[in-house]
file protein.cif (mmCIF, C-alpha atoms and all ligand atoms)
data_work
loop_
_atom_site.label_atom_id
_atom_site.label_comp_id
_atom_site.auth_asym_id
_atom_site.auth_seq_id
_atom_site.Cartn_x
_atom_site.Cartn_y
_atom_site.Cartn_z
CA MET A 200 -69.57 82.89 -36.85
CA LYS A 201 -73.11 83.22 -38.07
CA ILE A 202 -76.03 82.55 -35.72
CA SER A 203 -77.15 79.68 -37.96
CA SER A 204 -73.73 78.01 -37.55
CA LEU A 205 -73.91 78.38 -33.79
CA LEU A 206 -77.37 76.87 -33.78
CA TYR A 207 -76.09 73.98 -35.89
CA ILE A 208 -73.26 73.28 -33.43
CA ALA A 209 -75.64 73.49 -30.47
CA THR A 210 -78.03 71.02 -32.14
CA LEU A 211 -75.20 68.69 -33.05
CA THR A 212 -73.87 68.76 -29.48
CA ILE A 213 -77.27 67.82 -28.07
CA THR A 214 -77.67 65.07 -30.65
CA LEU A 215 -74.23 63.59 -29.99
CA SER A 216 -74.53 63.83 -26.22
CA LEU A 217 -77.81 61.88 -26.36
CA GLY A 218 -76.05 59.00 -28.05
CA THR A 219 -77.25 57.25 -31.20
CA ASN A 220 -80.93 57.50 -30.45
CA ILE A 221 -82.03 60.46 -32.49
CA THR A 222 -80.33 60.65 -35.87
CA HIS A 223 -77.64 58.65 -37.72
CA ALA A 224 -79.27 56.43 -40.31
CA LYS A 225 -77.11 53.43 -41.17
CA PRO A 226 -75.28 53.67 -44.54
CA LEU A 227 -77.20 51.61 -47.11
CA GLN A 228 -74.12 49.54 -47.95
CA ASP A 229 -73.98 48.27 -44.35
CA TYR A 230 -77.28 46.35 -44.57
CA VAL A 231 -76.73 42.60 -45.03
CA PRO A 232 -77.59 41.21 -48.49
CA VAL A 233 -80.69 39.03 -48.91
CA LEU A 234 -79.80 35.49 -47.77
CA ASP A 235 -78.83 33.12 -50.61
CA ASN A 236 -81.45 30.47 -49.78
CA VAL A 237 -84.16 33.16 -49.83
CA LYS A 238 -82.98 34.50 -53.18
CA ASN A 239 -82.94 30.97 -54.61
CA ASN A 240 -86.60 30.43 -53.62
CA ALA A 241 -87.79 33.58 -55.41
CA PHE A 242 -89.67 33.21 -58.70
CA GLN A 243 -87.81 34.90 -61.56
CA ILE A 244 -89.86 37.57 -63.29
CA ASP A 245 -89.08 38.72 -66.82
CA PRO A 246 -88.66 42.50 -66.35
CA LYS A 247 -89.90 43.14 -69.91
CA LYS A 248 -93.14 41.28 -69.23
CA GLY A 249 -93.48 42.74 -65.74
CA TYR A 250 -95.30 39.79 -64.15
CA LEU A 251 -95.21 36.02 -63.81
CA VAL A 252 -97.99 33.42 -63.64
CA LYS A 253 -96.87 30.47 -61.53
CA GLN A 254 -98.97 27.34 -61.16
CA VAL A 255 -98.69 26.23 -57.54
CA LYS A 256 -101.46 23.57 -57.46
CA PRO A 257 -103.78 21.95 -60.00
CA ASN A 258 -106.11 24.85 -61.05
CA VAL A 259 -104.35 27.33 -58.72
CA TYR A 260 -102.07 30.06 -60.09
CA VAL A 261 -100.17 32.86 -58.37
CA ILE A 262 -99.55 36.12 -60.23
CA THR A 263 -96.64 38.27 -59.05
CA ASP A 264 -94.64 41.25 -60.25
CA GLY A 265 -91.93 40.55 -57.63
CA ILE A 266 -93.43 42.88 -55.02
CA TRP A 267 -97.17 42.08 -54.91
CA GLN A 268 -99.00 38.75 -55.27
CA SER A 269 -102.53 37.71 -56.13
CA ALA A 270 -103.96 34.38 -57.30
CA PHE A 271 -106.58 32.91 -59.59
CA ILE A 272 -108.43 29.61 -59.67
CA THR A 273 -109.78 27.77 -62.71
CA THR A 274 -112.91 25.82 -61.85
CA GLY A 275 -114.17 24.40 -65.15
CA LYS A 276 -117.05 26.90 -64.91
CA GLY A 277 -115.01 30.10 -64.92
CA VAL A 278 -112.10 31.83 -63.20
CA ILE A 279 -112.11 33.25 -59.69
CA LEU A 280 -109.61 36.03 -58.93
CA LEU A 281 -108.33 36.45 -55.39
CA ASP A 282 -107.45 40.17 -55.14
CA ALA A 283 -106.36 42.54 -57.91
CA PRO A 284 -103.19 44.45 -56.94
CA GLN A 285 -102.90 47.96 -58.24
CA SER A 286 -99.29 47.51 -59.40
CA PHE A 287 -100.12 44.86 -62.04
CA GLY A 288 -103.87 45.40 -62.45
CA GLN A 289 -103.35 46.14 -66.15
CA HIS A 290 -101.82 42.66 -66.65
CA ILE A 291 -104.42 40.53 -64.85
CA ILE A 292 -106.73 39.83 -67.81
CA LYS A 293 -103.75 38.91 -70.00
CA ALA A 294 -102.26 36.72 -67.25
CA VAL A 295 -105.51 34.75 -67.09
CA THR A 296 -106.16 34.51 -70.84
CA GLU A 297 -102.65 33.23 -71.55
CA THR A 298 -103.26 30.45 -69.01
CA THR A 299 -106.87 29.34 -69.59
CA ARG A 300 -109.79 29.82 -71.98
CA GLU A 301 -112.24 30.01 -69.08
CA PRO A 302 -113.82 33.45 -68.62
CA ILE A 303 -113.25 35.50 -65.46
CA LYS A 304 -116.44 35.21 -63.40
CA MET A 305 -115.61 36.45 -59.94
CA LEU A 306 -113.22 38.68 -57.96
CA ILE A 307 -112.93 38.31 -54.19
CA TYR A 308 -111.30 40.92 -51.92
CA SER A 309 -109.04 39.91 -49.01
CA HIS A 310 -109.14 43.37 -47.39
CA SER A 311 -109.71 46.99 -48.26
CA HIS A 312 -106.16 48.24 -48.94
CA VAL A 313 -105.59 50.01 -52.26
CA ASP A 314 -102.37 48.17 -53.07
CA HIS A 315 -104.13 44.76 -53.09
CA ILE A 316 -107.45 45.62 -54.76
CA GLY A 317 -106.77 48.94 -56.56
CA GLY A 318 -106.25 47.00 -59.81
CA SER A 319 -109.97 46.19 -59.85
CA GLN A 320 -110.58 49.34 -61.93
CA GLN A 321 -108.86 47.48 -64.80
CA LEU A 322 -111.49 44.74 -64.62
CA LYS A 323 -114.65 46.84 -64.71
CA ASN A 324 -115.43 45.99 -68.35
CA ILE A 325 -115.55 42.23 -67.76
CA PRO A 326 -119.19 41.28 -68.45
CA ASP A 327 -121.22 40.16 -65.41
CA LEU A 328 -118.19 40.16 -63.13
CA LYS A 329 -119.27 39.33 -59.60
CA ILE A 330 -117.21 41.15 -56.94
CA LEU A 331 -117.48 39.62 -53.50
CA ALA A 332 -116.38 41.10 -50.17
CA ASN A 333 -117.06 40.82 -46.48
CA LYS A 334 -119.77 43.39 -45.57
CA HIS A 335 -117.37 45.44 -43.37
CA ILE A 336 -114.88 45.74 -46.23
CA ALA A 337 -117.74 46.63 -48.60
CA GLN A 338 -119.03 49.31 -46.21
CA PHE A 339 -115.56 50.87 -45.97
CA LEU A 340 -115.19 50.89 -49.78
CA LEU A 341 -118.61 52.49 -50.12
CA GLU A 342 -117.51 55.27 -47.77
CA LYS A 343 -114.21 55.77 -49.60
CA ASN A 344 -115.91 55.89 -53.01
CA ASP A 345 -112.50 55.34 -54.64
CA PRO A 346 -112.64 54.72 -58.41
CA ARG A 347 -109.57 52.47 -58.16
CA ARG A 348 -111.39 50.03 -55.86
CA ILE A 349 -114.64 48.90 -57.46
CA THR A 350 -117.50 48.53 -55.02
CA PRO A 351 -118.45 44.88 -54.40
CA THR A 352 -121.57 43.57 -56.14
CA GLU A 353 -122.21 41.03 -53.36
CA THR A 354 -121.39 40.90 -49.67
CA TYR A 355 -121.39 38.31 -46.91
CA SER A 356 -120.98 38.20 -43.11
CA GLY A 357 -118.65 36.09 -41.01
CA ASN A 358 -117.28 32.98 -42.71
CA HIS A 359 -118.45 32.19 -46.22
CA VAL A 360 -117.94 29.39 -48.75
CA VAL A 361 -117.75 29.90 -52.52
CA LYS A 362 -118.33 26.88 -54.75
CA MET A 363 -117.80 27.05 -58.48
CA GLY A 364 -117.26 24.06 -60.76
CA SER A 365 -114.65 21.76 -59.28
CA GLU A 366 -113.41 24.19 -56.60
CA THR A 367 -114.39 25.25 -53.10
CA ILE A 368 -112.97 28.38 -51.48
CA GLN A 369 -113.46 29.16 -47.82
CA LEU A 370 -113.44 32.86 -46.92
CA ASN A 371 -112.71 32.93 -43.22
CA GLN A 372 -112.71 35.91 -40.90
CA HIS A 373 -109.92 35.91 -38.31
CA GLY A 374 -109.81 39.08 -36.24
CA ASN A 375 -108.19 42.25 -37.51
CA TYR A 376 -104.57 41.22 -37.58
CA HIS A 377 -103.72 43.78 -40.30
CA SER A 378 -106.25 46.33 -41.54
CA THR A 379 -108.83 48.51 -39.81
CA GLU A 380 -111.60 46.55 -41.51
CA ASN A 381 -111.88 42.77 -41.57
CA ASP A 382 -109.06 40.55 -42.78
CA VAL A 383 -110.03 37.39 -44.63
CA PHE A 384 -108.13 34.12 -45.07
CA PHE A 385 -108.63 32.36 -48.44
CA TYR A 386 -108.48 28.57 -48.04
CA LEU A 387 -108.92 25.82 -50.64
CA PRO A 388 -109.27 22.63 -48.57
CA GLN A 389 -109.04 20.20 -51.51
CA GLN A 390 -105.89 21.93 -52.72
CA LYS A 391 -104.32 22.56 -49.28
CA PHE A 392 -103.73 26.11 -50.47
CA LEU A 393 -103.84 29.01 -47.97
CA MET A 394 -103.61 32.71 -48.79
CA VAL A 395 -103.36 35.17 -45.89
CA ILE A 396 -102.60 38.58 -47.31
CA ASP A 397 -100.27 40.98 -45.47
CA SER A 398 -99.51 38.54 -42.66
CA LEU A 399 -95.92 37.39 -43.21
CA THR A 400 -93.43 36.98 -46.07
CA PRO A 401 -91.78 33.53 -46.27
CA GLY A 402 -87.99 33.78 -45.90
CA TYR A 403 -88.16 37.36 -44.66
CA VAL A 404 -89.11 39.07 -41.42
CA PRO A 405 -92.54 40.67 -41.63
CA PHE A 406 -92.79 44.06 -43.36
CA MET A 407 -92.55 47.33 -41.35
CA ASP A 408 -94.41 47.52 -38.01
CA PHE A 409 -95.27 43.80 -38.24
CA ASP A 410 -96.93 44.18 -41.62
CA LEU A 411 -98.55 47.51 -40.67
CA THR A 412 -100.69 45.80 -38.09
CA HIS A 413 -103.38 47.93 -36.47
CA ASN A 414 -103.64 45.34 -33.73
CA PHE A 415 -100.53 43.56 -32.46
CA HIS A 416 -102.67 41.55 -30.03
CA GLU A 417 -104.52 39.94 -32.96
CA TYR A 418 -101.31 39.73 -35.01
CA LEU A 419 -99.71 37.55 -32.29
CA LYS A 420 -102.72 35.20 -32.41
CA MET A 421 -102.74 35.09 -36.22
CA PHE A 422 -99.89 32.56 -36.39
CA ASP A 423 -101.74 29.83 -34.46
CA ALA A 424 -104.82 30.60 -36.58
CA ILE A 425 -102.78 30.04 -39.78
CA LEU A 426 -101.20 26.87 -38.40
CA SER A 427 -104.63 25.42 -37.55
CA TYR A 428 -105.17 24.91 -41.31
CA ASP A 429 -103.92 21.90 -43.26
CA PHE A 430 -101.92 23.46 -46.12
CA ASP A 431 -98.69 23.00 -48.04
CA VAL A 432 -98.68 26.16 -50.17
CA PHE A 433 -98.88 29.52 -48.40
CA VAL A 434 -99.22 32.92 -50.08
CA GLY A 435 -98.63 36.07 -48.01
CA GLY A 436 -99.20 38.70 -50.70
CA HIS A 437 -95.72 40.18 -51.09
CA LEU A 438 -92.45 39.61 -52.93
CA SER A 439 -92.39 36.63 -55.25
CA GLN A 440 -92.00 33.39 -53.34
CA VAL A 441 -94.62 31.16 -51.75
CA GLY A 442 -94.06 29.29 -48.49
CA THR A 443 -95.03 26.38 -46.26
CA ALA A 444 -96.15 25.85 -42.66
CA GLU A 445 -92.47 25.76 -41.69
CA ASP A 446 -92.06 29.36 -42.87
CA VAL A 447 -95.02 30.34 -40.71
CA ARG A 448 -93.50 28.61 -37.67
CA ILE A 449 -90.12 30.36 -38.18
CA THR A 450 -91.78 33.78 -38.48
CA GLN A 451 -93.90 33.03 -35.42
CA ALA A 452 -90.72 32.27 -33.45
CA TYR A 453 -89.21 35.57 -34.64
CA VAL A 454 -92.29 37.60 -33.64
CA LYS A 455 -92.43 35.86 -30.25
CA ASP A 456 -88.75 36.62 -29.71
CA VAL A 457 -89.25 40.32 -30.51
CA TYR A 458 -92.22 40.50 -28.15
CA GLU A 459 -90.48 38.73 -25.26
CA THR A 460 -87.25 40.69 -25.74
CA VAL A 461 -89.03 44.04 -25.71
CA LYS A 462 -91.04 42.96 -22.67
CA ARG A 463 -87.88 42.02 -20.77
CA VAL A 464 -85.86 45.11 -21.81
CA HIS A 465 -88.82 47.37 -20.93
CA ALA A 466 -89.18 45.74 -17.49
CA GLN A 467 -85.45 46.09 -16.79
CA THR A 468 -85.11 49.70 -17.93
CA ASN A 469 -85.47 52.44 -15.35
CA GLN A 470 -87.49 55.19 -17.00
CA PHE A 471 -86.75 57.81 -14.34
CA GLU A 472 -83.01 57.13 -14.46
CA ILE A 473 -82.83 57.58 -18.24
CA MET A 474 -85.00 60.69 -18.17
CA SER A 475 -82.97 62.21 -15.30
CA ASP A 476 -79.67 61.51 -17.05
CA THR A 477 -81.02 63.17 -20.18
CA ALA A 478 -82.48 66.08 -18.18
CA LYS A 479 -79.01 66.84 -16.84
CA LYS A 480 -78.14 67.82 -20.40
CA ILE A 481 -81.31 69.54 -21.62
CA GLY A 482 -83.37 70.25 -18.48
CA TRP A 483 -86.86 68.95 -17.65
CA ASP A 484 -88.99 71.25 -19.83
CA ASN A 485 -89.18 69.06 -22.91
CA LYS A 486 -90.84 66.03 -21.36
CA PHE A 487 -91.81 64.55 -24.73
CA LEU A 488 -88.16 64.50 -25.76
CA LEU A 489 -87.07 62.95 -22.45
CA PHE A 490 -89.71 60.24 -22.86
CA LYS A 491 -88.70 59.67 -26.47
CA VAL A 492 -85.09 59.05 -25.39
CA PHE A 493 -86.34 56.42 -22.92
CA LEU A 494 -88.56 54.68 -25.52
CA GLU A 495 -85.85 54.72 -28.16
CA HIS A 496 -83.37 53.25 -25.70
CA ILE A 497 -85.66 50.21 -25.31
CA ILE A 498 -86.18 49.94 -29.07
CA ASP A 499 -82.44 50.14 -29.79
CA GLU A 500 -81.43 47.66 -27.07
CA SER A 501 -84.12 45.18 -28.16
CA ALA A 502 -83.31 45.51 -31.87
CA LYS A 503 -79.60 44.90 -31.17
CA GLU A 504 -80.41 41.56 -29.54
CA ILE A 505 -82.92 40.59 -32.24
CA GLU A 506 -80.50 41.37 -35.05
CA ALA A 507 -77.75 39.27 -33.45
CA ARG A 508 -80.05 36.26 -33.10
CA TRP A 509 -81.87 36.42 -36.47
CA ILE A 510 -79.61 38.05 -39.02
CA ASN A 511 -78.59 34.69 -40.57
CA LYS A 512 -82.05 33.13 -40.39
CA LEU A 513 -84.41 35.58 -42.08
CA ALA A 514 -83.87 38.31 -44.68
CA GLY A 515 -84.50 41.96 -43.81
CA VAL A 516 -83.85 41.70 -40.05
CA ASP A 517 -81.64 44.80 -40.00
CA VAL A 518 -84.16 46.64 -42.19
CA TRP A 519 -87.23 46.25 -39.95
CA ALA A 520 -86.13 45.01 -36.47
CA LYS A 521 -86.42 48.50 -34.95
CA SER A 522 -89.89 49.03 -36.38
CA HIS A 523 -90.91 45.63 -34.98
CA ALA A 524 -89.49 46.51 -31.56
CA ARG A 525 -91.44 49.79 -31.67
CA THR A 526 -94.73 48.03 -32.48
CA ALA A 527 -94.11 45.47 -29.72
CA LEU A 528 -93.21 48.27 -27.29
CA ILE A 529 -96.50 50.10 -27.85
CA TYR A 530 -98.30 46.85 -27.04
CA VAL A 531 -96.08 45.92 -24.06
CA ARG A 532 -96.33 49.32 -22.43
CA TRP A 533 -99.97 50.19 -23.08
CA ASP A 534 -101.91 46.97 -23.69
CA ASP A 535 -100.12 44.01 -22.18
ZN ZN B 1 -102.86 45.62 -46.63
#
call {"tool": "encode", "arguments": {"input": "protein.cif", "output": "structure tokens"}}
result
Amino acid sequence: MKISSLLYIATLTITLSLGTNITHAKPLQDYVPVLDNVKNNAFQIDPKKGYLVKQVKPNVYVITDGIWQSAFITTGKGVILLDAPQSFGQHIIKAVTETTREPIKMLIYSHSHVDHIGGSQQLKNIPDLKILANKHIAQFLLEKNDPRRITPTETYSGNHVVKMGSETIQLNQHGNYHSTENDVFFYLPQQKFLMVIDSLTPGYVPFMDFDLTHNFHEYLKMFDAILSYDFDVFVGGHLSQVGTAEDVRITQAYVKDVYETVKRVHAQTNQFEIMSDTAKKIGWDNKFLLFKVFLEHIIDESAKEIEARWINKLAGVDVWAKSHARTALIYVRWDD
């Protein structure tokens, strides 16, 4: 037998004796399909066209390609764009002109991420386009000097109100629940329309790592912040459907359940016992590996419980539950 084969068997033995913690991705066919009620709420996008404009309120339109969402507002004095996703940036001008004869006057950024504002490069030839961003987002974009994300022409601090024609848009700062820079809520009080990008996805569990949050402490608080607004249309920035306050409450209950489950499983799990059991097989030298086995035990045990409780309530539970448990665990163990 070749040395490489022996090494393979030795590795396999270690992997198997440590249980399911290290390898073994689940076969793709074993993931549950998207729930029927969630599929039925999705907007249908013509694949040939590549995007859809959906009116959700008088003067308020959502644009989506099925994965990303942005919005635009007609005001009687011009159009205001809320974000410009990179994926359908080339369609934004057409999406607006097929809906209204009003010219595009302003683009406002929700946060600094390329996927939500990287389509701004497609708008740079619009005459006198005003691009507005929170000063922290603007500073970050200045440092990045990324041609895909056009530098704002105007900045503001804290909360800010934009008035144009018939419409009023509140730009409200709410802690960094998602990005490293500021995250901004877009709220139209007359329309009861709320757009909180990369927060939650109605009908689904949040995206990986609780929507890539850099700050789970703020992410937990974000739900009460959202629910303090009076709104009946909610846009989260991803996939195609919009939601309501009820969707926010359901996702909040899910996130709370993940957090409390991880907290309990972590408190009940004996770190030394798991590390000692593992050390009997591989010795004590590789402390990082021993610690990883302990952490992954908590993640796996928590995710098992979460999946059992939520699999029929939200889509994507078996896709992201482990990543959610991992994010919650980092918070529970080091911050809580
Ligand atoms: Zn983002």
call {"tool": "residues_near_point", "arguments": {"input": "protein.cif", "point": "(-94.7, 29.4, -45.0)", "cutoff": "6 Å", "atoms": "all atoms listed in the file", "output": "list of chain:residue names"}}
result
A:Pro401, A:Phe433, A:Gly442, A:Thr443, A:Ala444, A:Glu445, A:Asp446, A:Val447
call {"tool": "residues_around", "arguments": {"input": "protein.cif", "residues": "Val464 (chain A)", "least_positions_apart": "2", "cutoff": "12 Å", "atoms": "only C-alpha atoms", "output": "NGL selection string"}}
result
:A and (456-462 or 466-470 or 493-505 or 524 or 527-528 or 531-532)
call {"tool": "closest_residue", "arguments": {"input": "protein.cif", "among": "A:Leu488, A:Val434, A:Val395, A:Met421", "to": "ligand ZN 1 (chain B)", "atoms": "all atoms listed in the file"}}
result
A:Val395
call {"tool": "closest_residue", "arguments": {"input": "protein.cif", "among": "A:Leu227, A:Leu411, A:Met363, A:Ile529", "to": "ligand ZN 1 (chain B)", "atoms": "all atoms listed in the file"}}
result
A:Leu411
call {"tool": "closest_atom_pairs", "arguments": {"input": "protein.cif", "of": "chain A", "to": "ligand ZN 1 (chain B)", "cutoff": "8 Å", "atoms": "only C-alpha atoms and all ligand atoms", "output": "CSV"}}
result
residue,atom,partner,partner_atom,distance
A:His310,CA,B:ZN1,ZN,6.7
A:Ser311,CA,B:ZN1,ZN,7.2
A:His312,CA,B:ZN1,ZN,4.8
A:Val313,CA,B:ZN1,ZN,7.6
A:Asp314,CA,B:ZN1,ZN,6.9
A:His315,CA,B:ZN1,ZN,6.6
A:His377,CA,B:ZN1,ZN,6.6
A:Ser378,CA,B:ZN1,ZN,6.2
A:Ile396,CA,B:ZN1,ZN,7.1
A:Asp397,CA,B:ZN1,ZN,5.4
A:Asp410,CA,B:ZN1,ZN,7.9
A:Leu411,CA,B:ZN1,ZN,7.6
call {"tool": "write_last_selection", "arguments": {"input": "protein.cif", "atoms": "C-alpha atoms", "output": "PDB file, in the frame of the given file"}}
result
ATOM      1  CA  HIS A 310    -109.140  43.370 -47.390  1.00  0.00           C
ATOM      2  CA  SER A 311    -109.710  46.990 -48.260  1.00  0.00           C
ATOM      3  CA  HIS A 312    -106.160  48.240 -48.940  1.00  0.00           C
ATOM      4  CA  VAL A 313    -105.590  50.010 -52.260  1.00  0.00           C
ATOM      5  CA  ASP A 314    -102.370  48.170 -53.070  1.00  0.00           C
ATOM      6  CA  HIS A 315    -104.130  44.760 -53.090  1.00  0.00           C
ATOM      7  CA  HIS A 377    -103.720  43.780 -40.300  1.00  0.00           C
ATOM      8  CA  SER A 378    -106.250  46.330 -41.540  1.00  0.00           C
ATOM      9  CA  ILE A 396    -102.600  38.580 -47.310  1.00  0.00           C
ATOM     10  CA  ASP A 397    -100.270  40.980 -45.470  1.00  0.00           C
ATOM     11  CA  ASP A 410     -96.930  44.180 -41.620  1.00  0.00           C
ATOM     12  CA  LEU A 411     -98.550  47.510 -40.670  1.00  0.00           C
TER      13      LEU A 411
END
call {"tool": "atom_distance", "arguments": {"input": "protein.cif", "atom1": "CA of Pro226 (chain A)", "atom2": "CA of Ala514 (chain A)"}}
result
17.6 Å
call {"tool": "residues_near_point", "arguments": {"input": "protein.cif", "point": "(-108.1, 50.1, -60.2)", "cutoff": "9 Å", "atoms": "only C-alpha atoms", "output": "MDAnalysis selection string"}}
result
chainID A and resid 283:285 288:289 313 316:323 345:349
call {"tool": "closest_residue", "arguments": {"input": "protein.cif", "among": "A:Val231, A:His335, A:Val383, A:Met305", "to": "Thr352 (chain A)", "atoms": "all atoms listed in the file"}}
result
A:Met305
call {"tool": "residues_around", "arguments": {"input": "protein.cif", "residues": "Thr477 (chain A)", "least_positions_apart": "3", "cutoff": "9 Å", "atoms": "all atoms listed in the file", "output": "ChimeraX atom specification"}}
result
/A:216-217,472-474,480-483,489,492
call {"tool": "atom_distance", "arguments": {"input": "protein.cif", "atom1": "CA of Asn414 (chain A)", "atom2": "CA of Thr379 (chain A)"}}
result
8.6 Å
call {"tool": "residues_around", "arguments": {"input": "protein.cif", "residues": "Asp517 (chain A)", "least_positions_apart": "3", "cutoff": "8 Å", "atoms": "only C-alpha atoms", "output": "list of chain:residue names"}}
result
A:Tyr230, A:Val231, A:Glu506, A:Ile510, A:Ala520, A:Lys521
call {"tool": "closest_residue", "arguments": {"input": "protein.cif", "among": "A:Gly364, A:Arg448, A:Phe490, A:Lys248", "to": "Phe471 (chain A)", "atoms": "all atoms listed in the file"}}
result
A:Phe490
call {"tool": "atom_distance", "arguments": {"input": "protein.cif", "atom1": "CA of Gly357 (chain A)", "atom2": "CA of Gln372 (chain A)"}}
result
5.9 Å
call {"tool": "closest_residue", "arguments": {"input": "protein.cif", "among": "A:Lys256, A:Gln389, A:Val237, A:Phe271", "to": "Ser365 (chain A)", "atoms": "only C-alpha atoms"}}
result
A:Gln389
call {"tool": "residues_around", "arguments": {"input": "protein.cif", "residues": "Ile368 (chain A)", "least_positions_apart": "5", "cutoff": "10 Å", "atoms": "only C-alpha atoms", "output": "PyMOL selection string"}}
result
chain A and resi 272+279+359-363+384-390+392-393
call {"tool": "closest_residue", "arguments": {"input": "protein.cif", "among": "A:Leu331, A:Met394, A:Val233, A:Ala337", "to": "Ala270 (chain A)", "atoms": "only C-alpha atoms"}}
result
A:Met394
call {"tool": "residues_around", "arguments": {"input": "protein.cif", "residues": "Ser269 (chain A)", "least_positions_apart": "3", "cutoff": "7 Å", "atoms": "all atoms listed in the file", "output": "list of chain:residue names"}}
result
A:Val261, A:Ile262, A:Thr263, A:Leu281, A:Asp282, A:Ala283, A:Pro284, A:Gly436
